[in-house]
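One file, run-v1.tsv, carrying TSV, C-alpha atoms:
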```
chain	number	residue	atom	x	y	z
J	1	MET	CA	59.88	72.61	151.93
J	2	ASP	CA	63.03	72.50	149.77
J	3	ASN	CA	66.26	72.06	151.75
J	4	THR	CA	68.54	71.81	148.70
J	5	THR	CA	71.51	74.12	148.35
J	6	PRO	CA	70.37	77.50	146.96
J	7	GLN	CA	71.73	78.60	143.60
J	8	TYR	CA	72.80	82.23	143.92
J	9	SER	CA	73.68	84.44	141.00
J	10	SER	CA	77.39	84.42	140.20
J	11	THR	CA	77.28	88.20	140.52
J	12	TYR	CA	77.26	87.82	144.31
J	13	ASN	CA	80.11	86.01	146.04
J	14	SER	CA	79.14	87.08	149.55
J	15	ARG	CA	75.95	87.62	151.52
J	16	PRO	CA	73.15	87.71	148.94
J	17	THR	CA	71.71	91.11	149.88
J	18	TRP	CA	72.13	93.92	147.39
J	19	ALA	CA	70.64	97.03	145.79
J	20	GLU	CA	70.34	97.54	142.06
J	21	ILE	CA	70.62	101.08	140.69
J	22	ASP	CA	69.13	101.57	137.23
J	23	LEU	CA	71.13	104.43	135.73
J	24	ASN	CA	69.01	104.31	132.58
J	25	ASN	CA	65.98	105.21	134.68
J	26	LEU	CA	68.00	107.96	136.36
J	27	ALA	CA	68.76	109.46	132.95
J	28	ALA	CA	65.14	109.06	131.86
J	29	ASN	CA	63.94	110.92	134.97
J	30	PHE	CA	66.34	113.79	134.25
J	31	HIS	CA	65.13	114.16	130.68
J	32	ALA	CA	61.46	113.77	131.64
J	33	THR	CA	61.86	116.49	134.27
J	34	LYS	CA	63.69	118.77	131.85
J	35	GLU	CA	60.94	118.29	129.27
J	36	PHE	CA	58.25	119.00	131.86
J	37	VAL	CA	59.84	121.95	133.67
J	38	GLY	CA	61.52	123.62	130.71
J	39	ARG	CA	64.63	123.34	128.59
J	40	ASP	CA	65.60	126.99	128.94
J	41	LEU	CA	66.75	126.55	132.56
J	42	LYS	CA	69.94	125.32	134.17
J	43	TYR	CA	69.67	122.09	136.16
J	44	MET	CA	71.47	121.14	139.35
J	45	ALA	CA	71.43	117.45	140.26
J	46	VAL	CA	71.50	117.07	144.03
J	47	VAL	CA	73.76	114.11	144.77
J	48	LYS	CA	74.39	114.75	148.47
J	49	ALA	CA	74.05	111.90	150.98
J	50	ASP	CA	75.71	109.57	148.47
J	51	GLY	CA	73.10	110.38	145.87
J	52	TYR	CA	70.21	109.81	148.30
J	53	GLY	CA	71.68	106.37	148.91
J	54	HIS	CA	72.00	105.52	145.22
J	55	GLY	CA	75.74	106.17	144.89
J	56	ALA	CA	76.82	109.73	144.16
J	57	VAL	CA	79.79	108.97	141.94
J	58	GLU	CA	78.06	106.57	139.55
J	59	CYS	CA	74.94	108.74	139.38
J	60	ALA	CA	77.01	111.86	138.73
J	61	ARG	CA	78.99	110.16	135.99
J	62	ARG	CA	75.82	109.22	134.16
J	63	LEU	CA	74.17	112.62	134.65
J	64	GLU	CA	77.30	114.41	133.45
J	65	LYS	CA	77.05	112.42	130.21
J	66	GLU	CA	73.37	113.36	129.98
J	67	GLY	CA	74.14	117.10	130.09
J	68	ILE	CA	73.51	118.20	133.68
J	69	ASP	CA	74.78	121.71	134.44
J	70	TRP	CA	75.63	121.54	138.16
J	71	PHE	CA	75.90	119.09	141.00
J	72	GLY	CA	74.77	119.89	144.53
J	73	VAL	CA	76.47	118.31	147.55
J	74	ALA	CA	76.08	119.00	151.25
J	75	LEU	CA	79.74	118.90	152.27
J	76	PRO	CA	83.03	119.85	150.62
J	77	GLU	CA	84.15	116.28	151.30
J	78	GLU	CA	81.37	115.04	149.02
J	79	GLY	CA	82.56	117.44	146.33
J	80	VAL	CA	86.13	116.19	146.68
J	81	GLU	CA	84.89	112.63	146.17
J	82	LEU	CA	83.24	113.66	142.90
J	83	ARG	CA	86.29	115.55	141.67
J	84	SER	CA	88.58	112.65	142.61
J	85	SER	CA	86.33	110.37	140.53
J	86	GLY	CA	86.67	112.53	137.44
J	87	ILE	CA	83.55	114.71	137.64
J	88	ARG	CA	84.22	118.06	135.95
J	89	LYS	CA	80.88	119.89	136.02
J	90	LEU	CA	80.29	122.75	138.46
J	91	ILE	CA	79.73	121.64	142.07
J	92	LEU	CA	77.92	123.68	144.75
J	93	CYS	CA	78.46	122.89	148.43
J	94	LEU	CA	74.95	123.53	149.75
J	95	GLY	CA	76.01	123.39	153.40
J	96	SER	CA	78.83	125.92	152.95
J	97	PHE	CA	82.10	124.85	154.58
J	98	TRP	CA	83.85	124.70	157.95
J	99	GLU	CA	86.75	126.77	159.18
J	100	GLY	CA	89.96	125.47	157.65
J	101	GLN	CA	88.37	124.09	154.47
J	102	GLU	CA	88.91	127.23	152.37
J	103	ASN	CA	91.87	125.90	150.40
J	104	LEU	CA	90.15	122.55	149.92
J	105	LEU	CA	87.37	124.38	148.07
J	106	LEU	CA	89.83	126.31	145.92
J	107	ASN	CA	92.06	123.35	145.15
J	108	TYR	CA	89.15	121.17	144.04
J	109	ASP	CA	87.20	123.93	142.25
J	110	LEU	CA	84.16	123.75	144.54
J	111	THR	CA	81.72	126.64	144.94
J	112	PRO	CA	80.42	127.21	148.48
J	113	THR	CA	77.17	128.72	149.59
J	114	ILE	CA	77.82	131.61	151.96
J	115	PHE	CA	75.57	132.81	154.78
J	116	ARG	CA	78.16	133.90	157.37
J	117	LEU	CA	80.40	136.92	156.97
J	118	ASP	CA	83.26	135.31	158.88
J	119	LEU	CA	83.34	132.43	156.41
J	120	ALA	CA	83.13	134.88	153.52
J	121	GLU	CA	86.16	136.67	154.94
J	122	ARG	CA	88.12	133.44	155.37
J	123	PHE	CA	87.31	132.35	151.82
J	124	ASN	CA	88.20	135.77	150.44
J	125	ASN	CA	91.57	135.71	152.22
J	126	ALA	CA	92.35	132.23	150.93
J	127	ALA	CA	91.46	133.24	147.38
J	128	LYS	CA	93.60	136.37	147.69
J	129	ALA	CA	96.55	134.33	148.94
J	130	GLN	CA	96.28	132.09	145.87
J	131	GLY	CA	95.80	135.06	143.53
J	132	MET	CA	92.33	133.89	142.55
J	133	MET	CA	88.83	135.27	142.11
J	134	ALA	CA	86.50	132.75	143.76
J	135	ASP	CA	82.79	132.28	143.03
J	136	VAL	CA	80.24	131.99	145.82
J	137	HIS	CA	76.47	131.59	146.00
J	138	ILE	CA	74.65	133.46	148.76
J	139	LYS	CA	72.01	131.47	150.64
J	140	ILE	CA	69.03	133.59	151.74
J	141	ASP	CA	66.60	132.42	154.40
J	142	THR	CA	63.19	133.49	153.12
J	143	GLY	CA	61.23	131.40	155.61
J	144	MET	CA	62.80	127.99	156.06
J	145	GLY	CA	64.42	129.14	159.30
J	146	ARG	CA	67.39	126.84	158.88
J	147	VAL	CA	70.55	128.22	157.25
J	148	GLY	CA	70.88	131.37	155.20
J	149	VAL	CA	71.05	135.12	155.65
J	150	ARG	CA	67.67	136.29	156.87
J	151	TYR	CA	65.83	138.12	154.09
J	152	ASP	CA	65.43	141.19	156.33
J	153	ALA	CA	69.19	141.32	156.99
J	154	VAL	CA	70.30	141.05	153.37
J	155	ARG	CA	70.97	144.75	152.79
J	156	GLU	CA	73.60	144.95	155.53
J	157	PHE	CA	75.07	141.58	154.49
J	158	ALA	CA	75.43	142.73	150.88
J	159	ASP	CA	77.11	145.96	152.03
J	160	ARG	CA	79.68	143.96	153.99
J	161	LEU	CA	80.32	141.60	151.08
J	162	LYS	CA	81.51	144.49	148.92
J	163	SER	CA	84.73	144.65	150.91
J	164	PHE	CA	85.74	141.12	149.83
J	165	GLU	CA	87.48	141.87	146.57
J	166	ASN	CA	88.43	138.28	145.72
J	167	LEU	CA	84.88	136.94	145.90
J	168	ARG	CA	82.39	137.02	143.05
J	169	VAL	CA	78.74	136.55	143.95
J	170	ASP	CA	77.72	134.28	141.09
J	171	GLY	CA	74.44	133.01	142.51
J	172	LEU	CA	71.60	133.76	144.90
J	173	MET	CA	69.53	130.93	146.31
J	174	THR	CA	66.88	130.08	148.85
J	175	HIS	CA	65.04	126.94	149.94
J	176	LEU	CA	61.27	126.47	149.88
J	177	ALA	CA	59.71	125.24	153.10
J	178	ALA	CA	56.32	123.97	151.93
J	179	ALA	CA	56.29	123.64	148.13
J	180	ASP	CA	54.97	120.09	148.53
J	181	ASP	CA	51.76	121.33	150.19
J	182	LEU	CA	49.41	123.28	147.94
J	183	LYS	CA	47.47	124.48	150.98
J	184	GLN	CA	50.54	126.51	151.88
J	185	ASP	CA	50.91	128.17	148.48
J	186	PRO	CA	50.50	131.66	150.00
J	187	PHE	CA	53.63	131.05	152.09
J	188	THR	CA	55.54	129.76	149.06
J	189	ASP	CA	54.49	132.88	147.16
J	190	GLU	CA	55.68	135.01	150.08
J	191	GLN	CA	59.06	133.28	149.96
J	192	VAL	CA	59.30	134.09	146.26
J	193	ARG	CA	58.42	137.72	146.94
J	194	ARG	CA	61.06	137.99	149.66
J	195	PHE	CA	63.66	136.38	147.44
J	196	ASN	CA	62.94	138.73	144.55
J	197	GLU	CA	63.31	141.72	146.87
J	198	CYS	CA	66.70	140.36	147.96
J	199	VAL	CA	67.77	139.95	144.34
J	200	ASP	CA	66.90	143.63	143.77
J	201	ILE	CA	68.99	144.62	146.79
J	202	PHE	CA	72.02	142.75	145.48
J	203	HIS	CA	71.60	144.45	142.13
J	204	GLU	CA	71.42	147.84	143.86
J	205	LYS	CA	74.68	147.04	145.64
J	206	GLY	CA	76.44	146.33	142.36
J	207	PHE	CA	76.30	142.53	142.32
J	208	HIS	CA	75.21	140.74	139.16
J	209	PRO	CA	74.81	137.02	139.95
J	210	SER	CA	74.42	134.59	137.08
J	211	TYR	CA	72.03	132.27	138.91
J	212	ARG	CA	68.70	132.75	140.67
J	213	ASP	CA	67.99	129.43	142.34
J	214	LEU	CA	64.86	128.84	144.43
J	215	ALA	CA	63.18	125.60	143.43
J	216	ASN	CA	63.70	122.15	144.91
J	217	SER	CA	61.94	119.15	143.32
J	218	PRO	CA	58.35	120.05	144.37
J	219	GLY	CA	58.98	123.70	143.59
J	220	ALA	CA	60.35	122.94	140.13
J	221	VAL	CA	57.41	120.71	139.22
J	222	GLY	CA	54.54	122.41	140.98
J	223	HIS	CA	55.37	126.10	141.18
J	224	PRO	CA	56.50	127.73	137.91
J	225	ASN	CA	57.05	131.05	139.72
J	226	THR	CA	59.85	129.46	141.78
J	227	ARG	CA	62.00	128.29	138.90
J	228	GLY	CA	64.29	131.32	138.58
J	229	ASN	CA	66.90	130.38	135.98
J	230	MET	CA	68.18	127.24	137.71
J	231	VAL	CA	66.37	124.48	139.60
J	232	ARG	CA	67.74	121.94	142.06
J	233	ILE	CA	66.33	118.47	141.46
J	234	GLY	CA	66.98	115.75	143.98
J	235	GLY	CA	64.33	113.19	144.84
J	236	ILE	CA	62.60	113.20	141.47
J	237	LEU	CA	65.87	112.30	139.76
J	238	TYR	CA	65.75	109.03	141.68
J	239	GLY	CA	62.07	108.45	140.94
J	240	LEU	CA	61.00	109.44	144.46
J	241	GLY	CA	58.03	111.63	143.71
J	242	GLY	CA	55.07	109.73	145.11
J	243	ASP	CA	55.21	111.19	148.61
J	244	ILE	CA	57.03	114.46	147.82
J	245	LEU	CA	55.18	115.96	144.87
J	246	PRO	CA	51.66	117.25	145.50
J	247	LYS	CA	49.23	114.58	144.36
J	248	GLU	CA	46.89	117.11	142.75
J	249	ILE	CA	49.32	118.41	140.13
J	250	ALA	CA	50.57	117.23	136.76
J	251	LYS	CA	54.07	115.80	136.97
J	252	PRO	CA	56.73	114.21	134.81
J	253	GLU	CA	56.71	110.46	134.34
J	254	LEU	CA	59.24	109.11	136.82
J	255	LYS	CA	60.81	105.68	137.03
J	256	PRO	CA	62.19	104.10	140.22
J	257	VAL	CA	65.97	103.92	140.21
J	258	LEU	CA	66.71	101.75	143.28
J	259	SER	CA	65.61	98.20	143.98
J	260	LEU	CA	66.54	96.27	147.13
J	261	TYR	CA	66.90	92.50	147.19
J	262	SER	CA	67.96	89.58	149.33
J	263	ARG	CA	67.47	85.80	149.19
J	264	VAL	CA	65.93	83.11	151.34
J	265	ALA	CA	68.67	81.66	153.53
J	266	LEU	CA	66.59	79.20	155.59
J	267	LEU	CA	63.10	77.72	155.54
J	268	LYS	CA	61.33	76.32	158.60
J	269	THR	CA	57.93	74.82	159.25
J	270	ILE	CA	56.54	76.42	162.40
J	271	PRO	CA	53.47	74.90	164.10
J	272	ALA	CA	50.41	77.00	164.89
J	273	HIS	CA	50.51	79.14	168.03
J	274	GLU	CA	54.29	79.44	168.27
J	275	THR	CA	55.91	82.83	168.65
J	276	LEU	CA	58.68	84.33	166.54
J	277	GLY	CA	61.48	86.83	167.02
J	278	TYR	CA	62.52	89.23	169.74
J	279	SER	CA	59.85	89.94	172.37
J	280	ARG	CA	57.64	87.26	170.72
J	281	THR	CA	55.56	89.89	168.95
J	282	PHE	CA	54.16	87.49	166.33
J	283	GLU	CA	52.28	84.24	166.89
J	284	THR	CA	51.49	81.88	164.05
J	285	ALA	CA	47.76	81.34	163.56
J	286	ARG	CA	48.35	78.17	161.54
J	287	ASP	CA	51.13	75.81	160.60
J	288	SER	CA	53.41	78.19	158.70
J	289	ILE	CA	56.48	78.15	156.52
J	290	ILE	CA	58.83	80.93	157.59
J	291	ALA	CA	61.75	82.15	155.50
J	292	THR	CA	64.77	83.69	157.19
J	293	VAL	CA	66.29	86.44	155.02
J	294	PRO	CA	69.71	88.09	155.61
J	295	ILE	CA	68.83	91.76	155.87
J	296	GLY	CA	68.10	93.85	158.95
J	297	TYR	CA	68.14	97.30	160.46
J	298	GLN	CA	71.93	97.60	160.14
J	299	ASP	CA	71.30	97.45	156.39
J	300	GLY	CA	68.62	100.12	156.62
J	301	TYR	CA	65.62	97.80	156.67
J	302	MET	CA	63.92	99.60	159.51
J	303	ARG	CA	62.74	97.96	162.71
J	304	LEU	CA	59.45	99.83	162.31
J	305	LEU	CA	58.64	97.37	159.51
J	306	SER	CA	58.27	94.60	162.10
J	307	ASN	CA	54.92	92.87	161.53
J	308	THR	CA	53.89	95.59	159.04
J	309	GLY	CA	56.21	95.37	156.03
J	310	ARG	CA	55.86	93.11	153.06
J	311	ALA	CA	58.15	91.66	150.42
J	312	LEU	CA	57.79	89.95	147.07
J	313	VAL	CA	58.75	86.30	146.80
J	314	ASN	CA	58.24	84.66	143.41
J	315	GLY	CA	56.40	87.81	142.41
J	316	GLN	CA	53.80	87.51	145.19
J	317	TYR	CA	53.35	89.52	148.38
J	318	ALA	CA	54.53	87.92	151.60
J	319	PRO	CA	54.34	89.57	155.05
J	320	ILE	CA	57.26	90.41	157.33
J	321	VAL	CA	56.55	88.66	160.62
J	322	GLY	CA	58.14	89.20	163.99
J	323	ARG	CA	60.66	91.86	164.90
J	324	VAL	CA	63.17	93.05	162.32
J	325	SER	CA	66.54	92.35	163.92
J	326	MET	CA	69.98	93.76	163.14
J	327	ASP	CA	70.87	91.20	160.48
J	328	TRP	CA	67.74	89.16	159.72
J	329	ILE	CA	64.06	89.36	158.93
J	330	LEU	CA	61.40	86.65	158.89
J	331	VAL	CA	58.98	86.34	155.95
J	332	ASP	CA	55.87	84.18	155.95
J	333	VAL	CA	55.94	82.27	152.65
J	334	THR	CA	53.18	79.79	153.53
J	335	ASP	CA	51.01	81.07	150.67
J	336	ILE	CA	53.83	81.37	148.11
J	337	PRO	CA	53.79	78.43	145.68
J	338	ASP	CA	57.06	76.73	144.81
J	339	HIS	CA	59.08	78.56	147.45
J	340	LYS	CA	62.61	77.28	147.96
J	341	LEU	CA	65.97	78.15	149.40
J	342	GLY	CA	67.70	80.87	147.41
J	343	ASP	CA	64.49	82.52	146.20
J	344	LYS	CA	64.98	86.20	145.49
J	345	VAL	CA	63.20	88.43	147.99
J	346	THR	CA	62.29	91.91	146.74
J	347	LEU	CA	62.14	94.44	149.57
J	348	ILE	CA	61.87	97.46	147.23
J	349	GLY	CA	61.11	96.92	143.58
J	350	GLU	CA	58.85	95.26	141.06
J	351	GLU	CA	58.29	91.63	140.18
J	352	ASN	CA	55.56	89.98	138.16
J	353	GLY	CA	53.56	93.23	138.01
J	354	ASN	CA	53.54	93.70	141.78
J	355	THR	CA	55.57	96.39	143.50
J	356	VAL	CA	56.89	97.44	146.87
J	357	THR	CA	57.90	101.08	146.58
J	358	ALA	CA	60.14	103.23	148.74
J	359	GLU	CA	57.08	105.41	149.25
J	360	GLU	CA	55.14	102.43	150.65
J	361	VAL	CA	57.98	101.60	153.02
J	362	ALA	CA	58.07	105.25	154.09
J	363	GLN	CA	54.33	105.35	154.72
J	364	LYS	CA	54.53	102.26	156.92
J	365	THR	CA	57.38	103.74	158.96
J	366	GLY	CA	56.11	107.31	159.29
J	367	THR	CA	58.78	108.96	157.19
J	368	ILE	CA	59.51	109.95	153.56
J	369	SER	CA	60.99	107.96	150.72
J	370	TYR	CA	64.20	110.04	150.83
J	371	GLU	CA	64.99	108.68	154.29
J	372	VAL	CA	64.30	105.13	153.13
J	373	THR	CA	66.86	105.18	150.33
J	374	CYS	CA	69.38	107.31	152.25
J	375	GLY	CA	69.16	104.82	155.08
J	376	ILE	CA	70.31	101.80	153.07
J	377	SER	CA	73.72	101.29	154.59
J	378	ALA	CA	77.12	100.88	152.97
J	379	ARG	CA	76.99	97.21	154.03
J	380	VAL	CA	74.60	96.68	151.11
J	381	PRO	CA	76.53	96.61	147.81
J	382	ARG	CA	75.16	98.65	144.92
J	383	ILE	CA	75.01	96.96	141.51
J	384	TYR	CA	74.74	99.48	138.65
J	385	ILE	CA	72.69	98.90	135.53
J	386	ASN	CA	73.87	101.02	132.59
```

Go ahead and express the file in the form of structure tokens.
Amino acid sequence: MDNTTPQYSSTYNSRPTWAEIDLNNLAANFHATKEFVGRDLKYMAVVKADGYGHGAVECARRLEKEGIDWFGVALPEEGVELRSSGIRKLILCLGSFWEGQENLLLNYDLTPTIFRLDLAERFNNAAKAQGMMADVHIKIDTGMGRVGVRYDAVREFADRLKSFENLRVDGLMTHLAAADDLKQDPFTDEQVRRFNECVDIFHEKGFHPSYRDLANSPGAVGHPNTRGNMVRIGGILYGLGGDILPKEIAKPELKPVLSLYSRVALLKTIPAHETLGYSRTFETARDSIIATVPIGYQDGYMRLLSNTGRALVNGQYAPIVGRVSMDWILVDVTDIPDHKLGDKVTLIGEENGNTVTAEEVAQKTGTISYEVTCGISARVPRIYIN
């Protein structure tokens, strides 16, 4: 066991736990998707939830340079952050807005989705007061059951919208509930049919929206009939396709964008048959060398990985042992040659041909890769590779 002082990279002058975001891979995923899905469409990059945990501003800056058409955020506040950082492309607020945010949208040139008439009225009045014509996209619920105007209530909704003279319906959109499951293709097809009927109704009522927007990532890749003339790509931009895209279909070549690292802070030799961590859930079966690593569930390394996760140390797999705590994990490095203080520990990423993917972490914790990357907390600094 090496008890010498660890040599950390000069990049890190604090706790040696960090995420690396490869913006070159982000750009490559965008172009690979565009080549696969089709170049004659408009593309919306979904950068809500801080770019799925990757950093919305830096990701948006790179994608704007690469020629993205739109950005999708959940909240107006997220759109304001992009605008304040110099982003100039069109921005759609997928979650609409809250009462009192009308002028925020207008002042920062943000387009809201609309699915409530009272919000449409508020936005119309704000636009009228500023002497503006404001664009909106109408969200239609074709079967997701979440937000949106129900498909069977669209005719009345469109009639009411005609009275709002300062609003321009520039887009119609829906969200697919089961595009990732080919066994549910009949339901996806039914959503498409309902959406197309709603488009016809809006045309009958005198609206001529520029955008027909149905497809999320699995829809865009796996269901050509859902592509409309704009697709919303989120997870696949960040290389998160392994547990979202149907395994049976052809797909673009995607590269992981996020890697998560820490370093060995302490090494201990623990005799056989001693227990480790909270609730003593792990007992050594042999004399073991245990590395203490400064990352925990406050950083987004989930407690469900206790005694089930694995990391890479010196390019080799090493198990997580004992309970993941708020700030620390324990890694058994007994079988890792040449281990020492300061060794890099890869929690998500690739080293020496071995990988720990966000999809693997998700599978071990009963969730999806999106939640894994979104869950990496702001306490973990992001280092951007351009």

Would you be able to write out as a ChimeraX atom specification which residues have an atom within 12 Å of (80.3, 107.9, 146.9) in the file's coordinates, counting only C-alpha atoms? /J:47-61,73,77-85,87,378,381-382

Using only C-alpha atoms, please write the residues we just selected to a file, as a short mmCIF file (atom, residue, chain, number, x, y, z; two decimals), in the frame of the given file.
```
data_model
loop_
_atom_site.label_atom_id
_atom_site.label_comp_id
_atom_site.auth_asym_id
_atom_site.auth_seq_id
_atom_site.Cartn_x
_atom_site.Cartn_y
_atom_site.Cartn_z
CA VAL J 47 73.76 114.11 144.77
CA LYS J 48 74.39 114.75 148.47
CA ALA J 49 74.05 111.90 150.98
CA ASP J 50 75.71 109.57 148.47
CA GLY J 51 73.10 110.38 145.87
CA TYR J 52 70.21 109.81 148.30
CA GLY J 53 71.68 106.37 148.91
CA HIS J 54 72.00 105.52 145.22
CA GLY J 55 75.74 106.17 144.89
CA ALA J 56 76.82 109.73 144.16
CA VAL J 57 79.79 108.97 141.94
CA GLU J 58 78.06 106.57 139.55
CA CYS J 59 74.94 108.74 139.38
CA ALA J 60 77.01 111.86 138.73
CA ARG J 61 78.99 110.16 135.99
CA VAL J 73 76.47 118.31 147.55
CA GLU J 77 84.15 116.28 151.30
CA GLU J 78 81.37 115.04 149.02
CA GLY J 79 82.56 117.44 146.33
CA VAL J 80 86.13 116.19 146.68
CA GLU J 81 84.89 112.63 146.17
CA LEU J 82 83.24 113.66 142.90
CA ARG J 83 86.29 115.55 141.67
CA SER J 84 88.58 112.65 142.61
CA SER J 85 86.33 110.37 140.53
CA ILE J 87 83.55 114.71 137.64
CA ALA J 378 77.12 100.88 152.97
CA PRO J 381 76.53 96.61 147.81
CA ARG J 382 75.16 98.65 144.92
#
```

So how many Å separate atom CA of J:Ala318 and atom CA of J:Ile385, to one decimal?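 Distance between the two atoms: 26.6 Å.
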
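Atom CA of J:Asn196 is positioned 15.1 Å from atom CA of J:His223.
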
Excluding same-chain residues fewer than 6 positions from J:His175, what lies within 9 Å of it counting all atoms listed in the file, as a list in words? Lys139, Ile140, Asp141, Thr142, Gly143, Met144, Gln191, Asp213, Leu214, Ala215 and Asn216 of chain J

Give the answer as one residue: which of J:Ala358, J:Ala311, J:Ile201, J:Val257 has the shortest atom-to-atom distance to J:Ala27, using only C-alpha atoms?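 Answer, going by the shortest atom-to-atom distance: J:Val257.
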
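The spacing separating atom CA of J:Asp22 from atom CA of J:Leu94 amounts to 25.9 Å.
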
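Take the candidates J:His208, J:Lys255, J:Lys42, J:His203 and check each one against J:Ile21 using all atoms listed in the file; the shortest distance goes to J:Lys255.
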
Can you list, as a ChimeraX atom specification, every protein, DNA or RNA residue that comes within 10 Å of J:Gly375 when you count only C-alpha atoms, leaving out same-chain residues fewer than 4 positions away? /J:49,52-53,297-302,369-371

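For the residues J:Val221, J:Leu304, J:Leu240, J:Val192, ranking by smallest atom-to-atom distance to J:Glu359 using all atoms listed in the file places J:Leu240 first.
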
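Ranking J:Gln363, J:Asn386, J:Thr373, J:Thr111 by their shortest atom-to-atom distance to J:Leu90, with only C-alpha atoms included, puts J:Thr111 first.
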
Find, counting all atoms listed in the file, the residue in J:Leu266, J:Cys93, J:Ile320, J:Ala272 that gets nearest to J:Lys340. J:Leu266

Near J:Arg323, within 9 Å and counting all atoms listed in the file, which residues show up once chain neighbours fewer than 5 positions away are dropped, as an mmCIF file with C-alpha atoms, keeping the file's coordinate frame?
```cif
data_model
loop_
_atom_site.group_PDB
_atom_site.id
_atom_site.type_symbol
_atom_site.label_atom_id
_atom_site.label_comp_id
_atom_site.auth_asym_id
_atom_site.auth_seq_id
_atom_site.Cartn_x
_atom_site.Cartn_y
_atom_site.Cartn_z
ATOM 1 C CA LEU J 276 58.680 84.330 166.540
ATOM 2 C CA GLY J 277 61.480 86.830 167.020
ATOM 3 C CA TYR J 278 62.520 89.230 169.740
ATOM 4 C CA SER J 279 59.850 89.940 172.370
ATOM 5 C CA ARG J 280 57.640 87.260 170.720
ATOM 6 C CA THR J 281 55.560 89.890 168.950
ATOM 7 C CA PHE J 282 54.160 87.490 166.330
ATOM 8 C CA ARG J 303 62.740 97.960 162.710
ATOM 9 C CA LEU J 304 59.450 99.830 162.310
ATOM 10 C CA LEU J 305 58.640 97.370 159.510
ATOM 11 C CA SER J 306 58.270 94.600 162.100
ATOM 12 C CA ASN J 307 54.920 92.870 161.530
ATOM 13 C CA ILE J 329 64.060 89.360 158.930
ATOM 14 C CA LEU J 330 61.400 86.650 158.890
#
```
